[in-house]
Amino acid sequence: MRKIFLIAVIFTQIISLTANAQQSGALNAAIQDVVRKAGANKQGPMTMDRLLSGQTSEIATQVKSWMDKNEEAIIGTRGGPFQPDKGSKLDYVTTQKGNRIYIHVLDWKGQNNIALPAILDRLVTRAWFLGDDPDTKYSWGGICRQSPWGTLIIDPDKKQGRVIVMEVEGNPGDLAQPRLVQLTEGSIVRLRGEVAALYGNLTYVPGPDWIDSWTGSADTVKWRVQAPKEEQYEVALTYACPTLPVGTEIEITAGKSTLVHPLSYTSGWAGDGSNFRRQIVKGSLRLTKGENTIIAHVLNKKGKSEESAMKLYSLELISPGAKKAQAEAGQLAAMKRASTKWFAATKYGLMVHWMPGTYPQRGPVKPFPDAVREFNVNAFADMVKQSGASYLIFTAVHGIQWFPGPSAVHDRILPGRTCNRDLIADLADAMEKRGIKLILYYHHGVGDYDWSKASGFFKKDKSQFFQNEYDILAEVGQRYGKKIAGWWFDDRYPDQPFKKLWEATKVGNPDRIVAWNSWFMPKSTEFQEYYAGEAGQRLVVPEANYFGSGGPAEGLQPHFMIFADDPWAHNYPDVDIVAPLYQDEELIRYVKAVNALGGPVTINIGVYQDGTASPATLRQIQKLGHTLGVLE
């Protein structure tokens with residue numbers, strides 16, 4: 001009898017638990033329904049009656065209880081500007097009210113972050129969890145990180161149902177896609193994924209900045225542009241296309257204008273499907289004065305249905321005035337480029353990413369000014385000399401915008417980011433004594449929120465930001481003169497005043513050579529001398545015409561850059577630099593192949609915070625030097 005009683009009790013508990021789970025599931029479904037209704041709302045401020053229509057009275061009562069904590073993010077809102085695309089791994093909804101965007105994450109799916117589209121024309125002024133103090137310590141560095149590669153929202157706890165509040169300058173509705181892009185006379189406008197609306201299976205990859213998953217004609221991208229007057233615009237596409245049967249085309253329309261461009265296999269060094277080329281589309285688009293909608297989709301897609309026809313990086317609109325200015329700029333750049341003969345005659349050089357985030361072999365990271373003060377320049381310079389390198393690329397600024405020396409311009413923009421010791425001057429002197437050319441690596445710091453905010457990057461008009469960059473480059477150039485042989489600029493942001501910045505790179509030494517890193521995209525500008533060549537771990541050499549007429553790097557001095565051990569920087573605590581990534585003969589063959597193209601190879605090596613490198617990597621590079629005859 002006792003057993004029967006226990007079984008009955010257990011059975012009753014199971015029924016109760018099942019009922020509670022079902023009720024909880026019904027409530028969660030109801031709450032998600034409410035959130036989705038609010039996110040889709042385009043009919044004016046949301047009301048409670050509209051939200052709860054169709055719900056049972058019991059569920060409606062429970063939803064109202066949930067609403068007591070989250071009402072601000074629902075009632076009185078409209079649908080928010082951001083919605084996940086087909087390729088998103090997360091399920092989220094956004095609502096908006098005033099200058100606030102509310103991000104409702106319905107399922108983190110094991111992750112702790114969401115990458116929203118980039119916001120490049122205004123500041124995200126604050127971010128916090130609904131219910132917390134808006135000025136909580138988590139606002140920056142823990143909740144929201146604004147950058148050109150996307151707006152990263154982070155919840156370390158991955159709490160279901162928690163709402164993130166993001167305050168922005170201006171009207172959040174302006175951020176909905178497709179965003180309105182203003183065309184200006186005489187300039188080229190590049191339409192990319194962060195301002196587009198995507199339909200069908202299309203996905204936008206914010207880091208590399210391309211639109212992918214072109215699997216059929218229903219996959220469509222739309223842009224909105226504001227034209228100053230009615231005019232014919234030439235169109236250029238930058239895309240990567242894998243090997244596909246002939247016949248796939250892309251159709252581009254604007255009003256009554258339609259262009260059709262055949263897609264072709266794009267070759268290079270980054271691997272099939274990732275070799276980007278820029279192609280001019282035959283014909284032109286007529287845009288009317290005012291707002292225009294540009295639509296692109298593929299026609300007659302060939303190959304497997306699940307394979308993407310291409311990765312589209314940008315669609316350029318080129319007015320007649322812009323085309324003329326572009327041609328004149330190309331002629332001017334070709335005429336004024338500095339000689340690269342000394343660079344072409346070298347076999348290889350070294351590069352190090354030494355910065356505030358560089359770790360010692362063991363123990364905590366020292367504050368950057370202390371690391372700068374204690375850096376053993378002579379020991380480091382001897383190491384570079386013993387490697388057989390003909391030049392060194394050293395990081396002037398990378399990651400957080402800290403300059404390893406004094407700088408009046410940096411102090412004016414954001415005080416507290418400079419050092420008393422002038423490490424660049426000491427390093428330049430040490431390299432000069434050893435007959436080694438010094439090239440400076442520079443990144444303009446747009447991943448550093450405090451710097452981006454202070455320098456003006458997140459303004460719609462970025463002229464202040466680029467004037468600040470000009471001032472920094474001119475200050476550095478004037479101070480170090482001929483001791484700095486060149487610049488290597490990181491970042492693929494294509495809308496820079498390259499001519500103006502190039503002029504700043506020549507201050508103090510007109511013979512400096514310059515490269516703007518475009519990764520495996522076509523060159524960003526004519527105003528440079530050599531190809532940046534960021535190949536990473538790819539020991540691949542492109543065909544000779546890559547640098548020839550019509551090639552992605554046409555007119556530039558050949559050059560490639562690889563890392564030998566750590567992937568660019570030693571940013572890991574309490575571990576050794578990794579072992580060399582290649583066999584000796586692999587490295588030797590690769591350097592010889594690039595040399596045969598007419599250029600050197602830059603070998604990036606990991607270094608600890610004290611500037612020391614891996615003995616195993618140095619032995620391999622010395623063997624390379626002996627083989628190539630640069631070391632006895």
# chains A, B, ... in the order shown; residues from 1 in each chain; ligands from 1
call {"tool": "closest_atom_pairs", "arguments": {"of": "stretch 492-558 of chain A", "to": "stretch 343-347 of chain A", "cutoff": "12 Å", "atoms": "only C-alpha atoms", "output": "JSON lines"}}
result
{"residue": "A:Asp511", "atom": "CA", "partner": "A:Phe343", "partner_atom": "CA", "distance": 11.6}
{"residue": "A:Arg512", "atom": "CA", "partner": "A:Phe343", "partner_atom": "CA", "distance": 10.7}
{"residue": "A:Ile513", "atom": "CA", "partner": "A:Phe343", "partner_atom": "CA", "distance": 8.8}
{"residue": "A:Val514", "atom": "CA", "partner": "A:Phe343", "partner_atom": "CA", "distance": 11.3}
{"residue": "A:Glu529", "atom": "CA", "partner": "A:Phe343", "partner_atom": "CA", "distance": 10.4}
{"residue": "A:Tyr530", "atom": "CA", "partner": "A:Phe343", "partner_atom": "CA", "distance": 9.1}
{"residue": "A:Tyr531", "atom": "CA", "partner": "A:Ala344", "partner_atom": "CA", "distance": 11.5}
{"residue": "A:Leu556", "atom": "CA", "partner": "A:Ala344", "partner_atom": "CA", "distance": 11.1}
{"residue": "A:Gln557", "atom": "CA", "partner": "A:Ala344", "partner_atom": "CA", "distance": 7.4}
{"residue": "A:Pro558", "atom": "CA", "partner": "A:Ala344", "partner_atom": "CA", "distance": 7.8}
call {"tool": "closest_atom_pairs", "arguments": {"of": "stretch 236-303 of chain A", "to": "stretch 206-217 of chain A", "cutoff": "10 Å", "atoms": "only C-alpha atoms", "output": "CSV"}}
result
residue,atom,partner,partner_atom,distance
A:Thr238,CA,A:Trp210,CA,9.7
A:Tyr239,CA,A:Trp210,CA,8.4
A:Ala240,CA,A:Trp210,CA,9.5
A:Ile250,CA,A:Ser217,CA,9.3
A:Glu251,CA,A:Ser217,CA,9.6
A:Ala296,CA,A:Ser217,CA,9.6
A:His297,CA,A:Ser217,CA,5.9
A:Val298,CA,A:Ser217,CA,5.2
A:Leu299,CA,A:Ser217,CA,5.8
A:Asn300,CA,A:Ser217,CA,7.8
A:Lys301,CA,A:Gly216,CA,6.4
A:Lys302,CA,A:Gly216,CA,9.3
A:Gly303,CA,A:Thr215,CA,9.5
call {"tool": "write_last_selection", "arguments": {"atoms": "all heavy atoms", "output": "short mmCIF file (atom, residue, chain, number, x, y, z; two decimals), in the first residue's frame"}}
result
data_model
loop_
_atom_site.label_atom_id
_atom_site.label_comp_id
_atom_site.auth_asym_id
_atom_site.auth_seq_id
_atom_site.Cartn_x
_atom_site.Cartn_y
_atom_site.Cartn_z
N THR A 238 33.19 45.49 -57.07
CA THR A 238 34.32 44.77 -56.49
C THR A 238 33.77 43.51 -55.86
O THR A 238 32.97 43.57 -54.92
CB THR A 238 35.04 45.63 -55.44
OG1 THR A 238 35.58 46.80 -56.07
CG2 THR A 238 36.19 44.85 -54.81
N TYR A 239 34.17 42.37 -56.41
CA TYR A 239 33.61 41.10 -55.95
C TYR A 239 34.63 39.99 -56.11
O TYR A 239 35.63 40.12 -56.82
CB TYR A 239 32.33 40.76 -56.71
CG TYR A 239 32.51 40.42 -58.17
CD1 TYR A 239 32.74 39.11 -58.60
CD2 TYR A 239 32.44 41.41 -59.16
CE1 TYR A 239 32.90 38.79 -59.94
CE2 TYR A 239 32.59 41.11 -60.50
CZ TYR A 239 32.82 39.80 -60.89
OH TYR A 239 32.98 39.50 -62.23
N ALA A 240 34.35 38.88 -55.44
CA ALA A 240 35.14 37.66 -55.57
C ALA A 240 34.21 36.56 -56.06
O ALA A 240 33.11 36.39 -55.53
CB ALA A 240 35.78 37.27 -54.25
N ILE A 250 24.89 39.50 -62.99
CA ILE A 250 24.28 40.35 -61.97
C ILE A 250 23.54 41.47 -62.67
O ILE A 250 24.08 42.10 -63.60
CB ILE A 250 25.33 40.90 -60.97
CG1 ILE A 250 24.66 41.77 -59.91
CG2 ILE A 250 26.45 41.66 -61.67
CD1 ILE A 250 25.57 42.18 -58.76
N GLU A 251 22.30 41.70 -62.25
CA GLU A 251 21.48 42.76 -62.83
C GLU A 251 21.38 43.90 -61.82
O GLU A 251 21.12 43.68 -60.64
CB GLU A 251 20.08 42.25 -63.16
CG GLU A 251 19.19 43.31 -63.80
CD GLU A 251 17.80 42.78 -64.12
OE1 GLU A 251 17.00 42.61 -63.17
OE2 GLU A 251 17.53 42.51 -65.31
N ALA A 296 20.13 45.16 -56.84
CA ALA A 296 21.03 44.22 -57.51
C ALA A 296 20.62 42.79 -57.15
O ALA A 296 20.31 42.51 -55.99
CB ALA A 296 22.48 44.47 -57.12
N HIS A 297 20.63 41.90 -58.14
CA HIS A 297 20.41 40.48 -57.90
C HIS A 297 21.03 39.68 -59.04
O HIS A 297 21.36 40.24 -60.10
CB HIS A 297 18.92 40.15 -57.75
CG HIS A 297 18.12 40.34 -59.01
ND1 HIS A 297 17.70 39.29 -59.78
CD2 HIS A 297 17.69 41.46 -59.64
CE1 HIS A 297 17.03 39.74 -60.82
NE2 HIS A 297 17.01 41.05 -60.77
N VAL A 298 21.22 38.39 -58.84
CA VAL A 298 21.86 37.55 -59.86
C VAL A 298 20.82 36.98 -60.80
O VAL A 298 19.66 36.75 -60.42
CB VAL A 298 22.71 36.42 -59.25
CG1 VAL A 298 23.89 36.96 -58.49
CG2 VAL A 298 21.86 35.53 -58.35
N LEU A 299 21.24 36.75 -62.04
CA LEU A 299 20.41 36.14 -63.08
C LEU A 299 21.10 34.88 -63.58
O LEU A 299 22.33 34.79 -63.59
CB LEU A 299 20.23 37.10 -64.26
CG LEU A 299 19.56 38.45 -64.01
CD1 LEU A 299 19.65 39.29 -65.28
CD2 LEU A 299 18.12 38.27 -63.59
N ASN A 300 20.29 33.92 -64.01
CA ASN A 300 20.83 32.72 -64.68
C ASN A 300 21.93 32.05 -63.89
O ASN A 300 22.96 31.64 -64.44
CB ASN A 300 21.36 33.08 -66.08
CG ASN A 300 20.36 33.85 -66.90
OD1 ASN A 300 19.19 33.48 -66.96
ND2 ASN A 300 20.80 34.93 -67.52
N LYS A 301 21.74 31.95 -62.57
CA LYS A 301 22.79 31.38 -61.74
C LYS A 301 23.11 29.94 -62.16
O LYS A 301 22.21 29.12 -62.32
CB LYS A 301 22.42 31.42 -60.27
CG LYS A 301 23.53 30.89 -59.37
CD LYS A 301 23.13 30.88 -57.93
CE LYS A 301 24.23 30.25 -57.08
NZ LYS A 301 24.45 28.82 -57.40
N LYS A 302 24.38 29.67 -62.28
CA LYS A 302 24.86 28.33 -62.64
C LYS A 302 25.51 27.67 -61.42
O LYS A 302 25.79 28.32 -60.42
CB LYS A 302 25.86 28.41 -63.79
CG LYS A 302 25.36 29.20 -65.00
CD LYS A 302 24.11 28.60 -65.60
CE LYS A 302 23.64 29.42 -66.81
NZ LYS A 302 22.40 28.89 -67.39
N GLY A 303 25.79 26.40 -61.55
CA GLY A 303 26.45 25.68 -60.48
C GLY A 303 25.47 25.13 -59.47
O GLY A 303 24.25 25.16 -59.66
#
call {"tool": "atom_distance", "arguments": {"atom1": "atom CA of A:Ala532", "atom2": "atom CA of A:Gln622"}}
result
23.8 Å
call {"tool": "residues_around", "arguments": {"residues": "A:Gln528", "least_positions_apart": "6", "cutoff": "12 Å", "atoms": "only C-alpha atoms", "output": "CSV table (one decimal) with N, CA and C atoms, in the first residue's frame"}}
result
chain,number,residue,atom,x,y,z
A,329,ALA,N,44.0,62.0,-60.8
A,329,ALA,CA,44.7,61.6,-59.5
A,329,ALA,C,45.7,60.4,-59.8
A,330,GLY,N,45.3,59.5,-60.7
A,330,GLY,CA,46.1,58.4,-61.0
A,330,GLY,C,47.4,58.8,-61.7
A,332,LEU,N,48.8,61.9,-61.5
A,332,LEU,CA,49.6,62.6,-60.5
A,332,LEU,C,50.4,61.7,-59.6
A,333,ALA,N,49.7,60.6,-59.1
A,333,ALA,CA,50.3,59.7,-58.2
A,333,ALA,C,51.5,59.0,-58.9
A,334,ALA,N,51.2,58.5,-60.1
A,334,ALA,CA,52.3,57.8,-60.9
A,334,ALA,C,53.5,58.7,-61.1
A,335,MET,N,53.3,60.0,-61.3
A,335,MET,CA,54.3,60.9,-61.6
A,335,MET,C,55.1,61.2,-60.3
A,336,LYS,N,54.5,61.2,-59.2
A,336,LYS,CA,55.1,61.7,-57.9
A,336,LYS,C,55.6,60.6,-57.0
A,337,ARG,N,55.3,59.3,-57.4
A,337,ARG,CA,55.7,58.2,-56.5
A,337,ARG,C,57.2,58.2,-56.3
A,338,ALA,N,57.6,57.9,-55.0
A,338,ALA,CA,59.0,57.8,-54.7
A,338,ALA,C,59.6,56.5,-55.3
A,339,SER,N,60.9,56.5,-55.5
A,339,SER,CA,61.5,55.3,-56.1
A,339,SER,C,61.5,54.2,-55.0
A,340,THR,N,61.2,52.9,-55.5
A,340,THR,CA,61.3,51.8,-54.6
A,340,THR,C,62.4,50.8,-55.0
A,486,GLY,N,59.8,54.7,-44.7
A,486,GLY,CA,58.5,54.5,-45.3
A,486,GLY,C,57.4,54.3,-44.2
A,487,TRP,N,56.2,54.0,-44.7
A,487,TRP,CA,55.0,53.8,-43.9
A,487,TRP,C,54.3,52.5,-44.4
A,488,TRP,N,53.7,51.8,-43.5
A,488,TRP,CA,52.8,50.7,-43.8
A,488,TRP,C,51.5,50.9,-43.0
A,489,PHE,N,50.4,51.3,-43.7
A,489,PHE,CA,49.2,51.7,-43.1
A,489,PHE,C,48.2,50.5,-43.1
A,498,PHE,N,43.1,60.0,-49.4
A,498,PHE,CA,44.4,59.4,-49.6
A,498,PHE,C,45.5,60.4,-50.1
A,499,LYS,N,45.1,61.3,-51.0
A,499,LYS,CA,46.1,62.3,-51.5
A,499,LYS,C,46.6,63.2,-50.4
A,500,LYS,N,45.7,63.7,-49.6
A,500,LYS,CA,46.1,64.6,-48.5
A,500,LYS,C,47.0,63.8,-47.5
A,501,LEU,N,46.6,62.6,-47.1
A,501,LEU,CA,47.4,61.8,-46.2
A,501,LEU,C,48.7,61.4,-46.8
A,502,TRP,N,48.7,61.1,-48.1
A,502,TRP,CA,50.0,60.7,-48.7
A,502,TRP,C,51.0,61.9,-48.7
A,503,GLU,N,50.5,63.1,-48.8
A,503,GLU,CA,51.3,64.3,-48.8
A,503,GLU,C,51.9,64.4,-47.4
A,505,THR,N,52.7,62.0,-45.4
A,505,THR,CA,53.7,60.9,-45.3
A,505,THR,C,55.1,61.4,-45.8
A,506,LYS,N,55.1,62.4,-46.6
A,506,LYS,CA,56.3,62.8,-47.3
A,506,LYS,C,57.0,64.0,-46.5
A,511,ASP,N,61.2,60.9,-50.1
A,511,ASP,CA,61.6,59.6,-50.7
A,511,ASP,C,60.9,58.4,-49.9
A,512,ARG,N,60.1,58.7,-48.9
A,512,ARG,CA,59.5,57.6,-48.1
A,512,ARG,C,58.6,56.9,-49.1
A,513,ILE,N,58.5,55.5,-48.9
A,513,ILE,CA,57.6,54.7,-49.6
A,513,ILE,C,56.4,54.3,-48.7
A,514,VAL,N,55.3,54.2,-49.4
A,514,VAL,CA,54.0,54.1,-48.6
A,514,VAL,C,53.2,52.9,-49.1
A,515,ALA,N,52.5,52.2,-48.2
A,515,ALA,CA,51.6,51.1,-48.6
A,515,ALA,C,50.3,51.3,-47.8
A,516,TRP,N,49.2,51.2,-48.4
A,516,TRP,CA,47.9,51.2,-47.7
A,516,TRP,C,47.3,49.8,-47.8
A,517,ASN,N,47.2,49.2,-46.6
A,517,ASN,CA,46.7,47.8,-46.6
A,517,ASN,C,45.3,47.6,-47.1
A,518,SER,N,45.1,46.9,-48.2
A,518,SER,CA,43.8,46.6,-48.7
A,518,SER,C,43.4,45.1,-48.5
A,553,ALA,N,46.6,45.1,-58.2
A,553,ALA,CA,47.7,45.9,-57.6
A,553,ALA,C,48.5,46.6,-58.7
A,554,GLU,N,47.9,47.0,-59.8
A,554,GLU,CA,48.5,47.5,-61.0
A,554,GLU,C,49.4,48.8,-60.6
A,555,GLY,N,50.6,48.7,-61.0
A,555,GLY,CA,51.5,49.9,-60.8
A,555,GLY,C,52.3,49.9,-59.5
A,556,LEU,N,52.0,49.0,-58.6
A,556,LEU,CA,52.6,49.0,-57.3
A,556,LEU,C,53.8,48.1,-57.2
A,557,GLN,N,54.8,48.4,-56.4
A,557,GLN,CA,55.9,47.6,-56.2
A,557,GLN,C,55.5,46.3,-55.5
call {"tool": "select_by_dssp", "arguments": {"residues": "stretch 237-347 of chain A", "states": "alpha helix (DSSP H)", "output": "VMD selection string"}}
result
chain A and resid 320 to 336 341 to 344
call {"tool": "write_last_selection", "arguments": {"atoms": "N, CA, C and O atoms", "output": "PDB file, in the first residue's frame"}}
result
ATOM      1  N   PRO A 320      30.514  61.588 -64.044  1.00  0.00           N
ATOM      2  CA  PRO A 320      31.518  62.020 -65.035  1.00  0.00           C
ATOM      3  C   PRO A 320      32.635  62.856 -64.415  1.00  0.00           C
ATOM      4  O   PRO A 320      33.807  62.692 -64.749  1.00  0.00           O
ATOM      5  N   GLY A 321      32.263  63.738 -63.477  1.00  0.00           N
ATOM      6  CA  GLY A 321      33.277  64.555 -62.819  1.00  0.00           C
ATOM      7  C   GLY A 321      34.219  63.723 -61.969  1.00  0.00           C
ATOM      8  O   GLY A 321      35.429  63.966 -61.936  1.00  0.00           O
ATOM      9  N   ALA A 322      33.678  62.712 -61.282  1.00  0.00           N
ATOM     10  CA  ALA A 322      34.501  61.836 -60.451  1.00  0.00           C
ATOM     11  C   ALA A 322      35.431  60.995 -61.307  1.00  0.00           C
ATOM     12  O   ALA A 322      36.585  60.750 -60.931  1.00  0.00           O
ATOM     13  N   LYS A 323      34.947  60.548 -62.461  1.00  0.00           N
ATOM     14  CA  LYS A 323      35.786  59.739 -63.351  1.00  0.00           C
ATOM     15  C   LYS A 323      36.986  60.551 -63.840  1.00  0.00           C
ATOM     16  O   LYS A 323      38.123  60.059 -63.882  1.00  0.00           O
ATOM     17  N   LYS A 324      36.738  61.793 -64.179  1.00  0.00           N
ATOM     18  CA  LYS A 324      37.828  62.663 -64.634  1.00  0.00           C
ATOM     19  C   LYS A 324      38.828  62.912 -63.507  1.00  0.00           C
ATOM     20  O   LYS A 324      40.049  62.819 -63.699  1.00  0.00           O
ATOM     21  N   ALA A 325      38.308  63.192 -62.307  1.00  0.00           N
ATOM     22  CA  ALA A 325      39.191  63.435 -61.157  1.00  0.00           C
ATOM     23  C   ALA A 325      40.007  62.196 -60.815  1.00  0.00           C
ATOM     24  O   ALA A 325      41.181  62.293 -60.450  1.00  0.00           O
ATOM     25  N   GLN A 326      39.397  61.024 -60.962  1.00  0.00           N
ATOM     26  CA  GLN A 326      40.094  59.769 -60.673  1.00  0.00           C
ATOM     27  C   GLN A 326      41.254  59.562 -61.640  1.00  0.00           C
ATOM     28  O   GLN A 326      42.353  59.156 -61.244  1.00  0.00           O
ATOM     29  N   ALA A 327      41.017  59.841 -62.914  1.00  0.00           N
ATOM     30  CA  ALA A 327      42.071  59.683 -63.918  1.00  0.00           C
ATOM     31  C   ALA A 327      43.216  60.658 -63.648  1.00  0.00           C
ATOM     32  O   ALA A 327      44.396  60.288 -63.742  1.00  0.00           O
ATOM     33  N   GLU A 328      42.895  61.885 -63.301  1.00  0.00           N
ATOM     34  CA  GLU A 328      43.922  62.895 -63.032  1.00  0.00           C
ATOM     35  C   GLU A 328      44.723  62.520 -61.775  1.00  0.00           C
ATOM     36  O   GLU A 328      45.948  62.700 -61.734  1.00  0.00           O
ATOM     37  N   ALA A 329      44.043  61.991 -60.767  1.00  0.00           N
ATOM     38  CA  ALA A 329      44.735  61.577 -59.539  1.00  0.00           C
ATOM     39  C   ALA A 329      45.698  60.441 -59.824  1.00  0.00           C
ATOM     40  O   ALA A 329      46.818  60.407 -59.296  1.00  0.00           O
ATOM     41  N   GLY A 330      45.281  59.493 -60.688  1.00  0.00           N
ATOM     42  CA  GLY A 330      46.149  58.375 -61.035  1.00  0.00           C
ATOM     43  C   GLY A 330      47.411  58.837 -61.738  1.00  0.00           C
ATOM     44  O   GLY A 330      48.515  58.339 -61.459  1.00  0.00           O
ATOM     45  N   GLN A 331      47.267  59.805 -62.643  1.00  0.00           N
ATOM     46  CA  GLN A 331      48.424  60.339 -63.356  1.00  0.00           C
ATOM     47  C   GLN A 331      49.361  61.079 -62.411  1.00  0.00           C
ATOM     48  O   GLN A 331      50.590  60.943 -62.484  1.00  0.00           O
ATOM     49  N   LEU A 332      48.780  61.861 -61.494  1.00  0.00           N
ATOM     50  CA  LEU A 332      49.589  62.611 -60.533  1.00  0.00           C
ATOM     51  C   LEU A 332      50.361  61.672 -59.617  1.00  0.00           C
ATOM     52  O   LEU A 332      51.554  61.870 -59.370  1.00  0.00           O
ATOM     53  N   ALA A 333      49.664  60.634 -59.114  1.00  0.00           N
ATOM     54  CA  ALA A 333      50.316  59.691 -58.205  1.00  0.00           C
ATOM     55  C   ALA A 333      51.464  58.970 -58.891  1.00  0.00           C
ATOM     56  O   ALA A 333      52.556  58.821 -58.324  1.00  0.00           O
ATOM     57  N   ALA A 334      51.231  58.518 -60.131  1.00  0.00           N
ATOM     58  CA  ALA A 334      52.274  57.795 -60.866  1.00  0.00           C
ATOM     59  C   ALA A 334      53.494  58.685 -61.089  1.00  0.00           C
ATOM     60  O   ALA A 334      54.641  58.220 -61.048  1.00  0.00           O
ATOM     61  N   MET A 335      53.252  59.958 -61.292  1.00  0.00           N
ATOM     62  CA  MET A 335      54.340  60.895 -61.569  1.00  0.00           C
ATOM     63  C   MET A 335      55.138  61.232 -60.302  1.00  0.00           C
ATOM     64  O   MET A 335      56.350  61.433 -60.351  1.00  0.00           O
ATOM     65  N   LYS A 336      54.477  61.238 -59.153  1.00  0.00           N
ATOM     66  CA  LYS A 336      55.118  61.698 -57.927  1.00  0.00           C
ATOM     67  C   LYS A 336      55.572  60.579 -56.992  1.00  0.00           C
ATOM     68  O   LYS A 336      56.127  60.844 -55.928  1.00  0.00           O
ATOM     69  N   LYS A 341      63.436  51.362 -55.663  1.00  0.00           N
ATOM     70  CA  LYS A 341      64.557  50.522 -56.097  1.00  0.00           C
ATOM     71  C   LYS A 341      65.264  49.854 -54.922  1.00  0.00           C
ATOM     72  O   LYS A 341      65.608  48.673 -54.977  1.00  0.00           O
ATOM     73  N   TRP A 342      65.500  50.627 -53.861  1.00  0.00           N
ATOM     74  CA  TRP A 342      66.196  50.033 -52.706  1.00  0.00           C
ATOM     75  C   TRP A 342      65.373  48.905 -52.096  1.00  0.00           C
ATOM     76  O   TRP A 342      65.917  47.875 -51.671  1.00  0.00           O
ATOM     77  N   PHE A 343      64.047  49.097 -52.055  1.00  0.00           N
ATOM     78  CA  PHE A 343      63.153  48.105 -51.468  1.00  0.00           C
ATOM     79  C   PHE A 343      63.097  46.846 -52.327  1.00  0.00           C
ATOM     80  O   PHE A 343      63.173  45.718 -51.826  1.00  0.00           O
ATOM     81  N   ALA A 344      62.989  47.040 -53.647  1.00  0.00           N
ATOM     82  CA  ALA A 344      62.923  45.907 -54.576  1.00  0.00           C
ATOM     83  C   ALA A 344      64.202  45.082 -54.548  1.00  0.00           C
ATOM     84  O   ALA A 344      64.182  43.872 -54.820  1.00  0.00           O
TER      85      ALA A 344
END
call {"tool": "decode", "arguments": {"residues": "stretch 355-365 of chain A", "atoms": "N, CA, C and O atoms", "output": "compact mmCIF listing (two decimals), in the first residue's frame"}}
result
# COMPACT_ATOMS: atom_id res chain seq x y z
N MET A 355 53.23 46.54 -28.87
CA MET A 355 52.18 47.51 -28.54
C MET A 355 51.75 47.33 -27.10
O MET A 355 52.29 46.48 -26.38
N PRO A 356 50.77 48.11 -26.62
CA PRO A 356 50.35 47.98 -25.22
C PRO A 356 49.87 46.59 -24.83
O PRO A 356 50.01 46.18 -23.68
N GLY A 357 49.31 45.83 -25.76
CA GLY A 357 48.81 44.50 -25.45
C GLY A 357 49.82 43.38 -25.61
O GLY A 357 49.46 42.20 -25.50
N THR A 358 51.09 43.71 -25.87
CA THR A 358 52.12 42.68 -26.00
C THR A 358 52.52 42.16 -24.61
O THR A 358 52.85 42.93 -23.72
N TYR A 359 52.49 40.83 -24.45
CA TYR A 359 52.75 40.21 -23.15
C TYR A 359 54.22 39.84 -23.00
O TYR A 359 54.90 39.52 -23.98
N PRO A 360 54.70 39.83 -21.74
CA PRO A 360 56.02 39.24 -21.48
C PRO A 360 55.90 37.72 -21.58
O PRO A 360 54.81 37.17 -21.67
N GLN A 361 57.05 37.05 -21.54
CA GLN A 361 57.02 35.59 -21.61
C GLN A 361 56.27 35.01 -20.41
O GLN A 361 55.52 34.04 -20.55
N ARG A 362 56.44 35.62 -19.26
CA ARG A 362 55.72 35.21 -18.07
C ARG A 362 55.38 36.45 -17.25
O ARG A 362 56.11 37.44 -17.27
N GLY A 363 54.27 36.39 -16.55
CA GLY A 363 53.91 37.48 -15.66
C GLY A 363 52.98 38.49 -16.30
O GLY A 363 52.61 38.37 -17.47
N PRO A 364 52.61 39.52 -15.53
CA PRO A 364 51.65 40.51 -16.01
C PRO A 364 52.26 41.50 -17.00
O PRO A 364 53.48 41.69 -17.03
N VAL A 365 51.41 42.13 -17.77
CA VAL A 365 51.85 43.17 -18.71
C VAL A 365 52.22 44.43 -17.93
O VAL A 365 51.49 44.86 -17.03
